[in-house]
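Notes follow the structure.
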Amino acid sequence: MSSHTLQFTARTSVNGVVERDFTVGGVTGALWSPESGADGAPLVLMGHGGGTHRKAPAMKGRAQRLVADGGFHVATIDAPGHGGRPVTEHDEREIDAMQEAMATGVPVGPIVVRYNAYLAEQAVPEWQATLDALQRLPEIGADGPVGYFGLNMGTAIGIPLTAADPRITAAVFGLFWPDLVAETARRITVPVEFSLQWDDEHIPREAGLALYDAFGSREKSLHVNTGRHKEMPRFEADSAVRFFVRHLRAPAPAAV
């Protein structure tokens, strides 16, 4: 798949942010860029949560903030079985199992962890092929810094991706269990910002803390907010922008 090229299929521009839909080897994606000054800007890869897609409202909102406030390129792709991609019988069984668990009060974590690990096996090489294609674009290039931003399933896919690909030099994760990804997280040494919800009804706080503790990064920060699983404050997206500005943009030369 790494030989597949990126094909743009649509383009819009609003408030200084250019949004382009694309495909790479059958994988559907979107790229947001500054309308001006985009050449050589750092790239942030952004993974969506389970049951959503590459252009869900939260994804578009975060992308627009990263472009407008940080001057980044931001790329998303649909995970297998999501968005513009076909849903398999395996996907349907796992989705049914998750819905039944939530309806009956059974812990949903073991099902989510299992299913997301299955999706990550497919999604990691897809992300790497997408990154190959994006870096062939003249406005991005092969030498610019790359970050990764993903919560929930975006973390389940982003941890093995960040561990496997040395091009990613900073990452924002959160809202996931340590099961099956903690050992991989130990191999990650780039700067990490990690968020969890103190009153998460799905992920016990001890589990969230255990995943944060597992990262091998010397520089990592933990952001904890009160509230349930889907109540993460919007200001955490602003914090992610500042994190990527610190780690993906070279400091300006000191004034003489």
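By order of appearance in the structure tokens: chains A, B, ..., then residues from 1 within every chain, and ligands from 1 in the order shown.
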For this session: Identify, on the basis of only C-alpha atoms, every residue whose closest approach to range 66-72 of chain A does not exceed 10 Å; exclude the query and any residue fewer than 4 positions from it along the same chain; express the result as a count of residues only.
Result: 34
For this session: Enumerate, as a list in words, the complete set of residues in range 7-68 of chain A that a backbone-based DSSP assignment places in strand (DSSP E or B).
Result: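 Output for range 7-68 of chain A, strand (DSSP E or B) only: Gln7, Phe8, Thr9, Ala10, Arg11, Thr12, Ser13, Val14, Val17, Val18, Glu19, Arg20, Asp21, Phe22, Thr23, Val24, Val27, Thr28, Gly29, Ala30, Leu31, Trp32, Ser33, Pro34, Leu43, Val44, Leu45, Met46 and Gly47 of chain A.
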May I have the residues within 10 Å of Val112 in chain A as a PDB file with N, CA and C atoms, in the first residue's frame, using only C-alpha atoms and disregarding those fewer than 3 positions away in the same chain?
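See around-v3.pdb below for the written result:
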```pdb
ATOM      1  N   GLY A  50     -14.087   5.864  18.319  1.00  0.00           N
ATOM      2  CA  GLY A  50     -14.912   4.777  17.833  1.00  0.00           C
ATOM      3  C   GLY A  50     -16.329   5.236  17.513  1.00  0.00           C
ATOM      4  N   GLU A  94     -18.879  -6.988  16.722  1.00  0.00           N
ATOM      5  CA  GLU A  94     -18.263  -6.266  17.834  1.00  0.00           C
ATOM      6  C   GLU A  94     -19.109  -5.051  18.239  1.00  0.00           C
ATOM      7  N   ILE A  95     -19.668  -4.361  17.263  1.00  0.00           N
ATOM      8  CA  ILE A  95     -20.530  -3.216  17.566  1.00  0.00           C
ATOM      9  C   ILE A  95     -21.772  -3.672  18.329  1.00  0.00           C
ATOM     10  N   ALA A  97     -21.993  -6.294  20.215  1.00  0.00           N
ATOM     11  CA  ALA A  97     -21.564  -6.702  21.549  1.00  0.00           C
ATOM     12  C   ALA A  97     -21.376  -5.482  22.462  1.00  0.00           C
ATOM     13  N   MET A  98     -20.798  -4.408  21.930  1.00  0.00           N
ATOM     14  CA  MET A  98     -20.613  -3.194  22.724  1.00  0.00           C
ATOM     15  C   MET A  98     -21.952  -2.576  23.099  1.00  0.00           C
ATOM     16  N   PRO A 107     -19.554  -4.198  31.905  1.00  0.00           N
ATOM     17  CA  PRO A 107     -18.405  -3.378  31.504  1.00  0.00           C
ATOM     18  C   PRO A 107     -18.090  -3.543  30.017  1.00  0.00           C
ATOM     19  N   VAL A 108     -17.984  -2.411  29.340  1.00  0.00           N
ATOM     20  CA  VAL A 108     -17.759  -2.450  27.895  1.00  0.00           C
ATOM     21  C   VAL A 108     -16.276  -2.472  27.543  1.00  0.00           C
ATOM     22  N   GLY A 109     -15.431  -2.153  28.523  1.00  0.00           N
ATOM     23  CA  GLY A 109     -14.001  -2.037  28.270  1.00  0.00           C
ATOM     24  C   GLY A 109     -13.364  -3.221  27.568  1.00  0.00           C
ATOM     25  N   TYR A 115     -11.652  -5.042  20.252  1.00  0.00           N
ATOM     26  CA  TYR A 115     -12.018  -4.597  18.905  1.00  0.00           C
ATOM     27  C   TYR A 115     -11.051  -3.527  18.403  1.00  0.00           C
ATOM     28  N   ASN A 116     -10.674  -2.598  19.272  1.00  0.00           N
ATOM     29  CA  ASN A 116      -9.759  -1.543  18.845  1.00  0.00           C
ATOM     30  C   ASN A 116      -8.377  -2.081  18.513  1.00  0.00           C
ATOM     31  N   ALA A 117      -7.938  -3.122  19.220  1.00  0.00           N
ATOM     32  CA  ALA A 117      -6.658  -3.746  18.875  1.00  0.00           C
ATOM     33  C   ALA A 117      -6.724  -4.376  17.488  1.00  0.00           C
ATOM     34  N   TYR A 118      -7.856  -4.986  17.179  1.00  0.00           N
ATOM     35  CA  TYR A 118      -8.067  -5.565  15.853  1.00  0.00           C
ATOM     36  C   TYR A 118      -8.018  -4.473  14.782  1.00  0.00           C
ATOM     37  N   ASN A 152      -9.600   8.158  22.854  1.00  0.00           N
ATOM     38  CA  ASN A 152     -10.421   6.955  22.733  1.00  0.00           C
ATOM     39  C   ASN A 152      -9.781   5.983  21.731  1.00  0.00           C
ATOM     40  N   MET A 153     -10.534   5.585  20.685  1.00  0.00           N
ATOM     41  CA  MET A 153      -9.962   4.696  19.682  1.00  0.00           C
ATOM     42  C   MET A 153      -8.760   5.335  18.995  1.00  0.00           C
ATOM     43  N   ALA A 156      -5.977   4.120  20.945  1.00  0.00           N
ATOM     44  CA  ALA A 156      -5.713   2.697  20.710  1.00  0.00           C
ATOM     45  C   ALA A 156      -4.941   2.473  19.422  1.00  0.00           C
ATOM     46  N   PHE A 176      -8.381   6.003  27.464  1.00  0.00           N
ATOM     47  CA  PHE A 176      -8.332   4.602  27.059  1.00  0.00           C
ATOM     48  C   PHE A 176      -7.783   3.754  28.203  1.00  0.00           C
ATOM     49  N   TRP A 177      -7.995   2.439  28.055  1.00  0.00           N
ATOM     50  CA  TRP A 177      -7.567   1.459  29.034  1.00  0.00           C
ATOM     51  C   TRP A 177      -6.117   1.026  28.768  1.00  0.00           C
TER      52      TRP A 177
END
```
Exercise. In Å to one decimal, how far is CA of Leu196 in chain A from CA of Val224 in chain A?
Worked result: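 Between these atoms lies a distance of 5.2 Å.
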For this session: Check the smallest atom-to-atom distance from each of A:Met232, A:Leu151, A:Leu134, A:Met46 to Trp198 in chain A using only C-alpha atoms, then report the winner.
Result: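 Under the stated criterion, the closest residue is A:Met232.
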Exercise. If you measure from CA of Gly51 in chain A to CA of His82 in chain A, what distance in Å do you get, rounded to one decimal?
Worked result: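 Value for the CA of Gly51 in chain A-CA of His82 in chain A distance: 6.7 Å.
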Exercise. Got a sec to tell me which of range 10-172 of chain A DSSP assigns to alpha helix (DSSP H), as a PyMOL selection string?
Worked result: chain A and resi 57-70+89-104+109-134+153-164
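Relative to CA of Arg93 in chain A, CA of Phe149 in chain A is found at 28.0 Å.
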Which range 98-192 of chain A residues have any atom within 8 Å of an atom of range 214-223 of chain A, and for each, what is the nearest pair of atoms with distance in Å to one decimal, counting only C-alpha atoms, rows sorted by chain and number, as JSON lines?
```
{"residue": "A:Ala182", "atom": "CA", "partner": "A:Ala214", "partner_atom": "CA", "distance": 5.6}
{"residue": "A:Glu183", "atom": "CA", "partner": "A:Ala214", "partner_atom": "CA", "distance": 7.3}
{"residue": "A:Ala185", "atom": "CA", "partner": "A:Phe215", "partner_atom": "CA", "distance": 4.7}
{"residue": "A:Arg186", "atom": "CA", "partner": "A:Gly216", "partner_atom": "CA", "distance": 4.5}
{"residue": "A:Arg187", "atom": "CA", "partner": "A:Gly216", "partner_atom": "CA", "distance": 5.9}
{"residue": "A:Ile188", "atom": "CA", "partner": "A:Gly216", "partner_atom": "CA", "distance": 5.3}
{"residue": "A:Thr189", "atom": "CA", "partner": "A:Ser217", "partner_atom": "CA", "distance": 3.8}
{"residue": "A:Val190", "atom": "CA", "partner": "A:Ser217", "partner_atom": "CA", "distance": 5.5}
{"residue": "A:Pro191", "atom": "CA", "partner": "A:Glu219", "partner_atom": "CA", "distance": 5.0}
{"residue": "A:Val192", "atom": "CA", "partner": "A:Lys220", "partner_atom": "CA", "distance": 4.6}
```
Export of prior selection with C-alpha atoms as a PDB file, in the first residue's frame:
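And here is the file that came out, part00.pdb:
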```pdb
ATOM      1  CA  ALA A 182       0.612  -0.514  27.987  1.00  0.00           C
ATOM      2  CA  GLU A 183       3.596  -2.590  26.847  1.00  0.00           C
ATOM      3  CA  ALA A 185       3.362   2.606  25.389  1.00  0.00           C
ATOM      4  CA  ARG A 186       6.570   1.774  27.246  1.00  0.00           C
ATOM      5  CA  ARG A 187       8.413   1.995  23.912  1.00  0.00           C
ATOM      6  CA  ILE A 188       7.214   5.555  23.309  1.00  0.00           C
ATOM      7  CA  THR A 189       9.812   8.126  24.372  1.00  0.00           C
ATOM      8  CA  VAL A 190       8.605  11.262  22.563  1.00  0.00           C
ATOM      9  CA  PRO A 191       6.850  14.029  24.547  1.00  0.00           C
ATOM     10  CA  VAL A 192       3.289  13.034  25.483  1.00  0.00           C
TER      11      VAL A 192
END
```
For this session: Just the residues within 12 Å of Arg136 in chain A, please, counting only C-alpha atoms, with nothing from its chain fewer than 3 positions along; format it as a PyMOL selection string.
Result: chain A and resi 2-7+40+129-133+139-144
Produce a file of the selected residues containing C-alpha atoms, as a JSON list (two decimals), in the first residue's frame.
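Full text of again-v6.json as output:
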```json
[["chain", "number", "residue", "atom", "x", "y", "z"],
["A", 2, "SER", "CA", 2.95, 2.35, 0.52],
["A", 3, "SER", "CA", 3.20, 2.88, -3.23],
["A", 4, "HIS", "CA", -0.32, 4.34, -3.44],
["A", 5, "THR", "CA", -0.57, 8.01, -4.21],
["A", 6, "LEU", "CA", -2.81, 10.59, -2.64],
["A", 7, "GLN", "CA", -5.71, 11.82, -4.76],
["A", 40, "GLY", "CA", 6.75, 23.63, 5.31],
["A", 129, "ALA", "CA", 1.09, 4.78, 3.87],
["A", 130, "THR", "CA", -0.95, 7.97, 4.24],
["A", 131, "LEU", "CA", 1.98, 9.73, 5.88],
["A", 132, "ASP", "CA", 4.24, 8.59, 3.04],
["A", 133, "ALA", "CA", 1.80, 10.11, 0.54],
["A", 139, "GLU", "CA", 3.61, 21.99, 0.89],
["A", 140, "ILE", "CA", 4.40, 19.34, 3.52],
["A", 141, "GLY", "CA", 7.63, 17.66, 2.43],
["A", 142, "ALA", "CA", 9.56, 14.73, 3.83],
["A", 143, "ASP", "CA", 11.58, 16.57, 6.46],
["A", 144, "GLY", "CA", 8.97, 18.48, 8.45]]
```
For this session: Excluding Gly81 in chain A and any residue of its chain fewer than 4 positions from it, enumerate the residues within 9 Å of it, using only C-alpha atoms, and give them as an NGL selection string.
Result: :A and (51 or 85-88 or 91-92 or 119)
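Neighbours of range 47-49 of chain A closer than or equal to 8 Å, with only C-alpha atoms counted and sequence neighbours fewer than 2 positions away skipped, come out as Leu45, Gly51, Thr52, His53, Arg54, Met59, Thr76, Ile77, Asp78, Ala79, Tyr148, Phe149, Gly150, Leu151, Asn152, Met153, Gly154, Thr155, Ile157 and Gly158 of chain A.
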May I have the residues from that selection written out with N, CA and C atoms, as a JSON list (two decimals), in the first residue's frame?
```json
[["chain", "number", "residue", "atom", "x", "y", "z"],
["A", 45, "LEU", "N", -1.17, 14.42, 12.59],
["A", 45, "LEU", "CA", -2.09, 13.34, 12.24],
["A", 45, "LEU", "C", -3.11, 13.21, 13.36],
["A", 51, "GLY", "N", -16.86, 4.73, 16.42],
["A", 51, "GLY", "CA", -18.22, 5.06, 16.03],
["A", 51, "GLY", "C", -18.37, 6.40, 15.34],
["A", 52, "THR", "N", -17.28, 7.14, 15.12],
["A", 52, "THR", "CA", -17.36, 8.42, 14.43],
["A", 52, "THR", "C", -16.61, 8.31, 13.09],
["A", 53, "HIS", "N", -16.05, 9.43, 12.62],
["A", 53, "HIS", "CA", -15.38, 9.39, 11.32],
["A", 53, "HIS", "C", -14.42, 10.57, 11.20],
["A", 54, "ARG", "N", -13.73, 10.63, 10.07],
["A", 54, "ARG", "CA", -12.64, 11.58, 9.90],
["A", 54, "ARG", "C", -13.07, 13.04, 9.97],
["A", 59, "MET", "N", -13.73, 16.41, 15.32],
["A", 59, "MET", "CA", -12.51, 16.35, 14.53],
["A", 59, "MET", "C", -12.30, 17.63, 13.75],
["A", 76, "THR", "N", -6.59, 13.58, 8.72],
["A", 76, "THR", "CA", -7.35, 12.50, 9.34],
["A", 76, "THR", "C", -7.65, 11.45, 8.28],
["A", 77, "ILE", "N", -7.83, 10.21, 8.72],
["A", 77, "ILE", "CA", -8.34, 9.16, 7.84],
["A", 77, "ILE", "C", -9.42, 8.38, 8.58],
["A", 78, "ASP", "N", -10.33, 7.79, 7.82],
["A", 78, "ASP", "CA", -11.34, 6.93, 8.42],
["A", 78, "ASP", "C", -10.69, 5.61, 8.84],
["A", 79, "ALA", "N", -10.94, 5.19, 10.07],
["A", 79, "ALA", "CA", -10.47, 3.89, 10.52],
["A", 79, "ALA", "C", -11.25, 2.79, 9.79],
["A", 148, "TYR", "N", 1.01, 13.47, 16.52],
["A", 148, "TYR", "CA", -0.20, 12.64, 16.48],
["A", 148, "TYR", "C", -1.11, 13.06, 17.62],
["A", 149, "PHE", "N", -2.45, 13.14, 17.31],
["A", 149, "PHE", "CA", -3.46, 13.57, 18.28],
["A", 149, "PHE", "C", -4.63, 12.60, 18.16],
["A", 150, "GLY", "N", -4.92, 11.85, 19.23],
["A", 150, "GLY", "CA", -6.05, 10.93, 19.17],
["A", 150, "GLY", "C", -6.52, 10.54, 20.56],
["A", 151, "LEU", "N", -7.84, 10.57, 20.77],
["A", 151, "LEU", "CA", -8.45, 10.15, 22.02],
["A", 151, "LEU", "C", -9.30, 8.90, 21.77],
["A", 152, "ASN", "N", -9.60, 8.16, 22.85],
["A", 152, "ASN", "CA", -10.42, 6.95, 22.73],
["A", 152, "ASN", "C", -9.78, 5.98, 21.73],
["A", 153, "MET", "N", -10.53, 5.59, 20.69],
["A", 153, "MET", "CA", -9.96, 4.70, 19.68],
["A", 153, "MET", "C", -8.76, 5.33, 19.00],
["A", 154, "GLY", "N", -8.76, 6.67, 18.93],
["A", 154, "GLY", "CA", -7.60, 7.37, 18.38],
["A", 154, "GLY", "C", -6.33, 7.10, 19.18],
["A", 155, "THR", "N", -6.49, 6.84, 20.47],
["A", 155, "THR", "CA", -5.34, 6.44, 21.30],
["A", 155, "THR", "C", -4.97, 4.99, 21.06],
["A", 157, "ILE", "N", -5.21, 3.29, 18.41],
["A", 157, "ILE", "CA", -4.48, 3.21, 17.14],
["A", 157, "ILE", "C", -3.19, 4.02, 17.21],
["A", 158, "GLY", "N", -3.24, 5.17, 17.87],
["A", 158, "GLY", "CA", -2.09, 6.06, 17.90],
["A", 158, "GLY", "C", -0.91, 5.55, 18.69]]
```
